[in-house]
Amino acid sequence: MKFPRTMNRRTVLRAGTALAAGAATGGVLQGCSPEVTEPQAPLPFTSGKPLPWTNWAGNQACTPAARAVPASEVEVIDVLRNAKGTVRAAGASHSFSAVVPTDDTLVSTDLLSGLVRHDPTTQQAEIWAGTRMHALGPMLHSVGQALPNMPDMDYLAMGGAIANSAHATGTGFGSMSSYVAGLALATPSGELIECSATRNPEVFQAARTSVGALGIVTRFTLQNDKAFALTEVNRVETTEDVLADIDNRCRQHRHFEFMPLLHSDLCVTIATDLAQPGDKDEGEDDPQAINTLRSVFNAVRWLPGGDALYNQALTTFMAGDASTVRTGPSFQVFPHVRVVRFREMEYTVPAEVGPACVREILATVKQRNIPVCFPLEYRYIKADDIWLSMFEGRDGCSISVHQFGDVDFKPYFAEIEPIFWKYEGRPHWGKIHTLDARRLAALYPRHWKDFQEVRRALDPQGRLLNAHLKTLFGA
Ligand SMILES: Cc1cc2nc3c(=O)[nH]c(=O)nc-3n(C[C@H](O)[C@H](O)[C@H](O)COP(=O)(O)OP(=O)(O)OC[C@H]3O[C@@H](n4cnc5c(N)ncnc54)[C@H](O)[C@@H]3O)c2cc1C
């Protein structure tokens with residue numbers, strides 16, 4: 001979610017302060033108050049008891065009886081062979097869905113990190129699967145390579161990102177899984193399977209987006225690009241103008257996305273292209289701007305005609321504002337700092353119905369007067385042929401809804417999720433959704449059964465299935 005740094009902080013602060021001063025008292029709105037969204041209280045730890053685990057968003061937790069931090073393939077195999085109960089791997093624990101929790105054995109991949117080898121002719125690099133994206137960027141840069149595209153933050157571990165088909169934006173770019181040219185998978189029985197499009201191809205197709213249901217990937221071979229530099233430009237625009245011009249924007253820019261601001265006509269657009277000589281940083285990078293938006297929303301939304309007032313306030317203070325520009329090596333421009341805790345639901349709908357779907361979400365929030373101000377996020381991803389990728393067989397438009405971390409997300413997400421179903425959306429494996437195996441199978445008609453066969457062959461006893469994965473796979 002890129003919105004936080006895109007607003008010009010000074011102007012919005014000015015707006016927030018003026019509006020807050022004009023409002024005698026701030027009504028407490030379910031969905032947007034209170035204002036502090038800071039870290040969840042850690043789970044209580046009792047000496048001598050297992051150390052609790054939580055995800056980044058603080059909405060998933062468990063107390064694994066055993067934790068393992070293997071530092072080599074041999075150790076991964078040993079852990080998988082000997083672990084008791086349900087075994088789950090954790091990358092950076094940035095999934096919002098319950099893909100990681102287990103009260104039995106939790107395996108951290110943090111020590112499986114670094115570059116194994118690289119090839120300057122093919123621009124391929126083999127890396128350890130636990131490598132965090134923020135470490136991978138400089139590592140690849142030092143050998144003249146770069147990931148072709150990256151999600152909007154770089155805290156993820158590559159194993160976790162690829163297990164969920166994590167993605168960024170750009171009609172010419174697939175998800176992280178689509179850059180995988182080969183991988184090594186340690187299975188629950190303790191076998192190490194090397195695979196690629198030509199070697200164990202069925203395991204390869206299943207393991208490129210596996211939701212961690214096949215084993216622990218130890219290494220990936222990535223198809224990278226030569227290192228490159230980018231310039232990112234953020235602007236405040238009118239949502240309808242952007243939607244009317246969306247095909248053009250996507251053609252014009254290497255990467256394009258936008259964030260519609262709920263209860264207003266405005267959005268923040270982000271266009272990213274190869275850097276040109278003379279490009280230089282302008283504007284501010286403000287990870288707190290989302291909190292400022294929240295203050296403005298809380299200051300005016302409860303007043304009579306609050307929506308109109310809010311829209312007017314944003315229009316007055318933001319529209320036509322100078323854009324912000326960031327430029328530099330790709331691995332520094334793609335990611336953004338995330339300091340405000342939130343929860344997220346994201347579905348990918350077929351690219352061509354993206355505009356209709358987002359219009360319906362915006363209209364629903366307005367008509368039902370849902371008191372939420374966290375912006376949506378709208379992105380495009382190229383089709384691939386990976387069995388359980390959200391982009392399998394169709395170009396995708398991913399649309400995300402978010403709620404602040406200190407507010408119950410369920411009532412809001414429950415209003416919006418059926419809209420995604422109407423447009424045949426596929427949920428992001430790492431984000432919140434309510435679908436089970438029956439409904440998921442219908443969304444992946446070509447390869448759902450193929451995946452299940454590989455999964456059952458590699459994990460016949462279901463040792464990798466926690467409660468969430470049992471629901472996902474009907475096992
Ligand atoms: C602030 C924030 C921003 C985000 N932005 C984006 C975004 O721009 N795009 C996007 O697509 N998603 C985004 N997400 C969601 C997140 O990127 C995905 O859920 C991602 O898959 C999480 O990666 P992780 O390393 O934290 O994996 P974890 O959450 O730790 O694990 C995810 C899954 O991978 C499995 N796994 C981990 N390592 C391995 C391994 N080596 N072998 C096999 N299985 C493994 C786990 O068991 C689990 O099933 C964001 C999340 C947050 C909190």
# chains A, B, ... in the order shown; residues from 1 in each chain; ligands from 1
call {"tool": "residues_near_ligand", "arguments": {"ligand": "ligand 1", "cutoff": "7 Å", "atoms": "only C-alpha atoms and all ligand atoms", "output": "ChimeraX atom specification"}}
result
/A:1,56-57,88-96,99-100,109,129-130,151-153,156-168,210-212,215-218,338,429-431
call {"tool": "write_last_selection", "arguments": {"atoms": "C-alpha atoms", "output": "CSV table (one decimal), in the first residue's frame"}}
result
chain,number,residue,atom,x,y,z
A,1,MET,CA,0.0,0.0,0.0
A,56,TRP,CA,3.1,-8.2,11.1
A,57,ALA,CA,-0.5,-7.1,11.2
A,88,ARG,CA,4.8,-24.5,8.9
A,89,ALA,CA,7.5,-22.3,7.4
A,90,ALA,CA,7.7,-18.6,8.2
A,91,GLY,CA,9.3,-16.0,5.9
A,92,ALA,CA,8.9,-12.4,7.1
A,93,SER,CA,5.4,-13.2,8.6
A,94,HIS,CA,3.8,-10.4,6.5
A,95,SER,CA,0.8,-12.5,5.4
A,96,PHE,CA,-2.5,-11.3,6.7
A,99,VAL,CA,-1.0,-19.4,6.3
A,100,VAL,CA,1.8,-19.5,8.9
A,109,THR,CA,13.9,-19.5,7.0
A,129,ALA,CA,14.9,-18.9,-0.2
A,130,GLY,CA,14.9,-17.1,3.1
A,151,PRO,CA,6.1,-5.3,-4.4
A,152,ASP,CA,5.5,-2.0,-2.7
A,153,MET,CA,7.7,-2.9,0.3
A,156,LEU,CA,9.3,-10.0,2.5
A,157,ALA,CA,11.4,-13.2,2.3
A,158,MET,CA,11.6,-14.5,-1.2
A,159,GLY,CA,10.2,-17.9,-0.1
A,160,GLY,CA,7.1,-16.3,1.4
A,161,ALA,CA,6.6,-13.9,-1.5
A,162,ILE,CA,6.8,-16.7,-4.1
A,163,ALA,CA,4.6,-19.1,-2.1
A,164,ASN,CA,1.8,-16.6,-2.3
A,165,SER,CA,2.5,-15.2,-5.8
A,166,ALA,CA,3.1,-11.8,-4.3
A,167,HIS,CA,3.1,-9.1,-7.0
A,168,ALA,CA,3.6,-5.4,-7.9
A,210,SER,CA,2.4,-23.4,-3.2
A,211,VAL,CA,1.0,-21.5,-0.2
A,212,GLY,CA,3.7,-23.5,1.6
A,215,GLY,CA,7.5,-28.5,1.7
A,216,ILE,CA,10.1,-25.9,2.3
A,217,VAL,CA,11.8,-24.3,-0.7
A,218,THR,CA,15.5,-23.9,0.0
A,338,ARG,CA,5.4,1.1,6.2
A,429,TRP,CA,-3.3,-16.2,-0.7
A,430,GLY,CA,-1.5,-14.0,1.8
A,431,LYS,CA,-4.5,-11.7,2.5
call {"tool": "residues_around", "arguments": {"residues": "stretch 253-268 of chain A", "least_positions_apart": "4", "cutoff": "7 Å", "atoms": "only C-alpha atoms", "output": "list in words"}}
result
Phe3, Thr169, Gly170, Asn234, Arg235, Val236, Glu237, Thr238, Thr239, Arg249, Thr272, Asp273, Asp307, Asn311, Leu362, Lys366, Cys373, Pro375, Leu376, Glu377, Tyr378 and Arg379 of chain A
call {"tool": "select_by_dssp", "arguments": {"residues": "stretch 119-289 of chain A", "states": "strand (DSSP E or B)", "output": "PyMOL selection string"}}
result
chain A and resi 119+124-128+132+145-146+157+170+180-186+192-196+216-223+225-226+229-238+255-260+266-274+282
call {"tool": "closest_residue", "arguments": {"among": "A:Asp103, A:Asp241, A:Asp154, A:Glu282", "to": "A:Pro64", "atoms": "only C-alpha atoms"}}
result
A:Asp103
call {"tool": "atom_distance", "arguments": {"atom1": "atom CA of A:Arg67", "atom2": "atom CA of A:Thr46"}}
result
16.1 Å
call {"tool": "atom_distance", "arguments": {"atom1": "atom CA of A:Ser330", "atom2": "atom CA of A:Asp245"}}
result
26.0 Å
call {"tool": "select_by_dssp", "arguments": {"residues": "stretch 46-214 of chain A", "states": "helix (DSSP H, G or I)", "output": "number ranges by chain"}}
result
A: 73-82, 133-141, 158-163, 176-179, 201-207
call {"tool": "closest_residue", "arguments": {"among": "A:Pro418, A:Gly306, A:Gly137, A:Gly174", "to": "A:Asp385", "atoms": "only C-alpha atoms"}}
result
A:Gly174
call {"tool": "closest_residue", "arguments": {"among": "A:Thr434, A:Thr269, A:Thr187, A:Ser196", "to": "A:Leu458", "atoms": "only C-alpha atoms"}}
result
A:Thr187
call {"tool": "residues_around", "arguments": {"residues": "A:Glu73", "least_positions_apart": "3", "cutoff": "8 Å", "atoms": "only C-alpha atoms", "output": "PyMOL selection string"}}
result
chain A and resi 70+76-77+186+218
call {"tool": "atom_distance", "arguments": {"atom1": "atom CA of A:Pro371", "atom2": "atom CA of A:Arg294"}}
result
10.9 Å
call {"tool": "decode", "arguments": {"residues": "stretch 179-211 of chain A", "atoms": "N, CA, C and O atoms", "output": "PDB file, in the first residue's frame"}}
result
ATOM      1  N   TYR A 179       9.041 -15.100 -12.075  1.00  0.00           N
ATOM      2  CA  TYR A 179      10.477 -14.926 -12.352  1.00  0.00           C
ATOM      3  C   TYR A 179      11.296 -16.146 -11.926  1.00  0.00           C
ATOM      4  O   TYR A 179      12.511 -16.151 -12.046  1.00  0.00           O
ATOM      5  N   VAL A 180      10.582 -17.155 -11.402  1.00  0.00           N
ATOM      6  CA  VAL A 180      11.295 -18.343 -10.917  1.00  0.00           C
ATOM      7  C   VAL A 180      11.591 -19.283 -12.090  1.00  0.00           C
ATOM      8  O   VAL A 180      10.668 -19.764 -12.759  1.00  0.00           O
ATOM      9  N   ALA A 181      12.873 -19.530 -12.332  1.00  0.00           N
ATOM     10  CA  ALA A 181      13.261 -20.425 -13.421  1.00  0.00           C
ATOM     11  C   ALA A 181      13.604 -21.823 -12.906  1.00  0.00           C
ATOM     12  O   ALA A 181      13.683 -22.780 -13.682  1.00  0.00           O
ATOM     13  N   GLY A 182      13.810 -21.939 -11.603  1.00  0.00           N
ATOM     14  CA  GLY A 182      14.116 -23.239 -11.022  1.00  0.00           C
ATOM     15  C   GLY A 182      14.082 -23.122  -9.505  1.00  0.00           C
ATOM     16  O   GLY A 182      14.145 -22.012  -8.968  1.00  0.00           O
ATOM     17  N   LEU A 183      13.922 -24.261  -8.836  1.00  0.00           N
ATOM     18  CA  LEU A 183      13.925 -24.208  -7.362  1.00  0.00           C
ATOM     19  C   LEU A 183      14.273 -25.570  -6.791  1.00  0.00           C
ATOM     20  O   LEU A 183      14.211 -26.597  -7.485  1.00  0.00           O
ATOM     21  N   ALA A 184      14.662 -25.565  -5.524  1.00  0.00           N
ATOM     22  CA  ALA A 184      14.926 -26.811  -4.797  1.00  0.00           C
ATOM     23  C   ALA A 184      13.923 -26.889  -3.656  1.00  0.00           C
ATOM     24  O   ALA A 184      13.800 -25.947  -2.868  1.00  0.00           O
ATOM     25  N   LEU A 185      13.194 -28.001  -3.598  1.00  0.00           N
ATOM     26  CA  LEU A 185      12.129 -28.160  -2.604  1.00  0.00           C
ATOM     27  C   LEU A 185      12.456 -29.318  -1.674  1.00  0.00           C
ATOM     28  O   LEU A 185      12.654 -30.450  -2.126  1.00  0.00           O
ATOM     29  N   ALA A 186      12.499 -29.024  -0.374  1.00  0.00           N
ATOM     30  CA  ALA A 186      12.658 -30.088   0.623  1.00  0.00           C
ATOM     31  C   ALA A 186      11.257 -30.541   1.033  1.00  0.00           C
ATOM     32  O   ALA A 186      10.445 -29.726   1.472  1.00  0.00           O
ATOM     33  N   THR A 187      10.967 -31.810   0.848  1.00  0.00           N
ATOM     34  CA  THR A 187       9.602 -32.309   1.084  1.00  0.00           C
ATOM     35  C   THR A 187       9.466 -32.836   2.523  1.00  0.00           C
ATOM     36  O   THR A 187      10.472 -33.081   3.201  1.00  0.00           O
ATOM     37  N   PRO A 188       8.224 -33.049   2.966  1.00  0.00           N
ATOM     38  CA  PRO A 188       8.033 -33.549   4.339  1.00  0.00           C
ATOM     39  C   PRO A 188       8.722 -34.889   4.592  1.00  0.00           C
ATOM     40  O   PRO A 188       9.096 -35.189   5.725  1.00  0.00           O
ATOM     41  N   SER A 189       8.937 -35.698   3.549  1.00  0.00           N
ATOM     42  CA  SER A 189       9.599 -36.990   3.778  1.00  0.00           C
ATOM     43  C   SER A 189      11.115 -36.840   3.826  1.00  0.00           C
ATOM     44  O   SER A 189      11.836 -37.817   4.052  1.00  0.00           O
ATOM     45  N   GLY A 190      11.599 -35.616   3.552  1.00  0.00           N
ATOM     46  CA  GLY A 190      13.044 -35.400   3.656  1.00  0.00           C
ATOM     47  C   GLY A 190      13.771 -35.576   2.345  1.00  0.00           C
ATOM     48  O   GLY A 190      14.988 -35.728   2.310  1.00  0.00           O
ATOM     49  N   GLU A 191      13.032 -35.495   1.230  1.00  0.00           N
ATOM     50  CA  GLU A 191      13.660 -35.581  -0.086  1.00  0.00           C
ATOM     51  C   GLU A 191      13.966 -34.155  -0.550  1.00  0.00           C
ATOM     52  O   GLU A 191      13.228 -33.222  -0.199  1.00  0.00           O
ATOM     53  N   LEU A 192      15.018 -33.963  -1.349  1.00  0.00           N
ATOM     54  CA  LEU A 192      15.275 -32.643  -1.929  1.00  0.00           C
ATOM     55  C   LEU A 192      15.048 -32.755  -3.438  1.00  0.00           C
ATOM     56  O   LEU A 192      15.765 -33.474  -4.131  1.00  0.00           O
ATOM     57  N   ILE A 193      14.015 -32.048  -3.934  1.00  0.00           N
ATOM     58  CA  ILE A 193      13.672 -32.162  -5.360  1.00  0.00           C
ATOM     59  C   ILE A 193      14.107 -30.889  -6.084  1.00  0.00           C
ATOM     60  O   ILE A 193      13.662 -29.791  -5.761  1.00  0.00           O
ATOM     61  N   GLU A 194      15.002 -31.059  -7.069  1.00  0.00           N
ATOM     62  CA  GLU A 194      15.396 -29.922  -7.913  1.00  0.00           C
ATOM     63  C   GLU A 194      14.407 -29.887  -9.068  1.00  0.00           C
ATOM     64  O   GLU A 194      14.132 -30.914  -9.693  1.00  0.00           O
ATOM     65  N   CYS A 195      13.853 -28.722  -9.355  1.00  0.00           N
ATOM     66  CA  CYS A 195      12.893 -28.699 -10.461  1.00  0.00           C
ATOM     67  C   CYS A 195      12.927 -27.404 -11.257  1.00  0.00           C
ATOM     68  O   CYS A 195      13.393 -26.369 -10.788  1.00  0.00           O
ATOM     69  N   SER A 196      12.437 -27.527 -12.492  1.00  0.00           N
ATOM     70  CA  SER A 196      12.364 -26.395 -13.429  1.00  0.00           C
ATOM     71  C   SER A 196      11.299 -26.762 -14.461  1.00  0.00           C
ATOM     72  O   SER A 196      10.637 -27.795 -14.325  1.00  0.00           O
ATOM     73  N   ALA A 197      11.172 -25.952 -15.511  1.00  0.00           N
ATOM     74  CA  ALA A 197      10.160 -26.251 -16.540  1.00  0.00           C
ATOM     75  C   ALA A 197      10.418 -27.596 -17.200  1.00  0.00           C
ATOM     76  O   ALA A 197       9.492 -28.229 -17.730  1.00  0.00           O
ATOM     77  N   THR A 198      11.672 -28.059 -17.182  1.00  0.00           N
ATOM     78  CA  THR A 198      11.982 -29.325 -17.851  1.00  0.00           C
ATOM     79  C   THR A 198      12.341 -30.454 -16.877  1.00  0.00           C
ATOM     80  O   THR A 198      12.373 -31.611 -17.265  1.00  0.00           O
ATOM     81  N   ARG A 199      12.625 -30.118 -15.643  1.00  0.00           N
ATOM     82  CA  ARG A 199      13.033 -31.125 -14.655  1.00  0.00           C
ATOM     83  C   ARG A 199      11.955 -31.187 -13.574  1.00  0.00           C
ATOM     84  O   ARG A 199      11.670 -30.171 -12.947  1.00  0.00           O
ATOM     85  N   ASN A 200      11.341 -32.325 -13.381  1.00  0.00           N
ATOM     86  CA  ASN A 200      10.191 -32.440 -12.459  1.00  0.00           C
ATOM     87  C   ASN A 200       9.186 -31.303 -12.697  1.00  0.00           C
ATOM     88  O   ASN A 200       8.832 -30.549 -11.772  1.00  0.00           O
ATOM     89  N   PRO A 201       8.702 -31.162 -13.964  1.00  0.00           N
ATOM     90  CA  PRO A 201       7.901 -29.975 -14.304  1.00  0.00           C
ATOM     91  C   PRO A 201       6.609 -29.847 -13.496  1.00  0.00           C
ATOM     92  O   PRO A 201       6.168 -28.726 -13.233  1.00  0.00           O
ATOM     93  N   GLU A 202       6.005 -30.964 -13.088  1.00  0.00           N
ATOM     94  CA  GLU A 202       4.736 -30.848 -12.342  1.00  0.00           C
ATOM     95  C   GLU A 202       4.987 -30.263 -10.944  1.00  0.00           C
ATOM     96  O   GLU A 202       4.226 -29.418 -10.474  1.00  0.00           O
ATOM     97  N   VAL A 203       6.052 -30.730 -10.310  1.00  0.00           N
ATOM     98  CA  VAL A 203       6.383 -30.171  -8.991  1.00  0.00           C
ATOM     99  C   VAL A 203       6.714 -28.692  -9.159  1.00  0.00           C
ATOM    100  O   VAL A 203       6.298 -27.839  -8.357  1.00  0.00           O
ATOM    101  N   PHE A 204       7.418 -28.371 -10.247  1.00  0.00           N
ATOM    102  CA  PHE A 204       7.788 -26.968 -10.498  1.00  0.00           C
ATOM    103  C   PHE A 204       6.534 -26.097 -10.605  1.00  0.00           C
ATOM    104  O   PHE A 204       6.437 -25.050  -9.960  1.00  0.00           O
ATOM    105  N   GLN A 205       5.555 -26.545 -11.404  1.00  0.00           N
ATOM    106  CA  GLN A 205       4.349 -25.724 -11.599  1.00  0.00           C
ATOM    107  C   GLN A 205       3.577 -25.566 -10.294  1.00  0.00           C
ATOM    108  O   GLN A 205       2.987 -24.525 -10.038  1.00  0.00           O
ATOM    109  N   ALA A 206       3.586 -26.603  -9.477  1.00  0.00           N
ATOM    110  CA  ALA A 206       2.867 -26.505  -8.198  1.00  0.00           C
ATOM    111  C   ALA A 206       3.657 -25.661  -7.195  1.00  0.00           C
ATOM    112  O   ALA A 206       3.073 -24.873  -6.448  1.00  0.00           O
ATOM    113  N   ALA A 207       4.977 -25.794  -7.212  1.00  0.00           N
ATOM    114  CA  ALA A 207       5.792 -25.156  -6.166  1.00  0.00           C
ATOM    115  C   ALA A 207       6.045 -23.679  -6.418  1.00  0.00           C
ATOM    116  O   ALA A 207       6.486 -22.965  -5.525  1.00  0.00           O
ATOM    117  N   ARG A 208       5.757 -23.206  -7.639  1.00  0.00           N
ATOM    118  CA  ARG A 208       5.978 -21.775  -7.899  1.00  0.00           C
ATOM    119  C   ARG A 208       4.939 -20.909  -7.170  1.00  0.00           C
ATOM    120  O   ARG A 208       5.171 -19.729  -6.952  1.00  0.00           O
ATOM    121  N   THR A 209       3.768 -21.489  -6.845  1.00  0.00           N
ATOM    122  CA  THR A 209       2.816 -20.814  -5.943  1.00  0.00           C
ATOM    123  C   THR A 209       2.182 -21.933  -5.131  1.00  0.00           C
ATOM    124  O   THR A 209       1.214 -22.550  -5.561  1.00  0.00           O
ATOM    125  N   SER A 210       2.730 -22.197  -3.951  1.00  0.00           N
ATOM    126  CA  SER A 210       2.360 -23.416  -3.222  1.00  0.00           C
ATOM    127  C   SER A 210       1.634 -23.147  -1.918  1.00  0.00           C
ATOM    128  O   SER A 210       1.201 -24.083  -1.247  1.00  0.00           O
ATOM    129  N   VAL A 211       1.540 -21.889  -1.510  1.00  0.00           N
ATOM    130  CA  VAL A 211       0.999 -21.525  -0.189  1.00  0.00           C
ATOM    131  C   VAL A 211       1.718 -22.343   0.904  1.00  0.00           C
ATOM    132  O   VAL A 211       1.147 -22.636   1.960  1.00  0.00           O
TER     133      VAL A 211
END
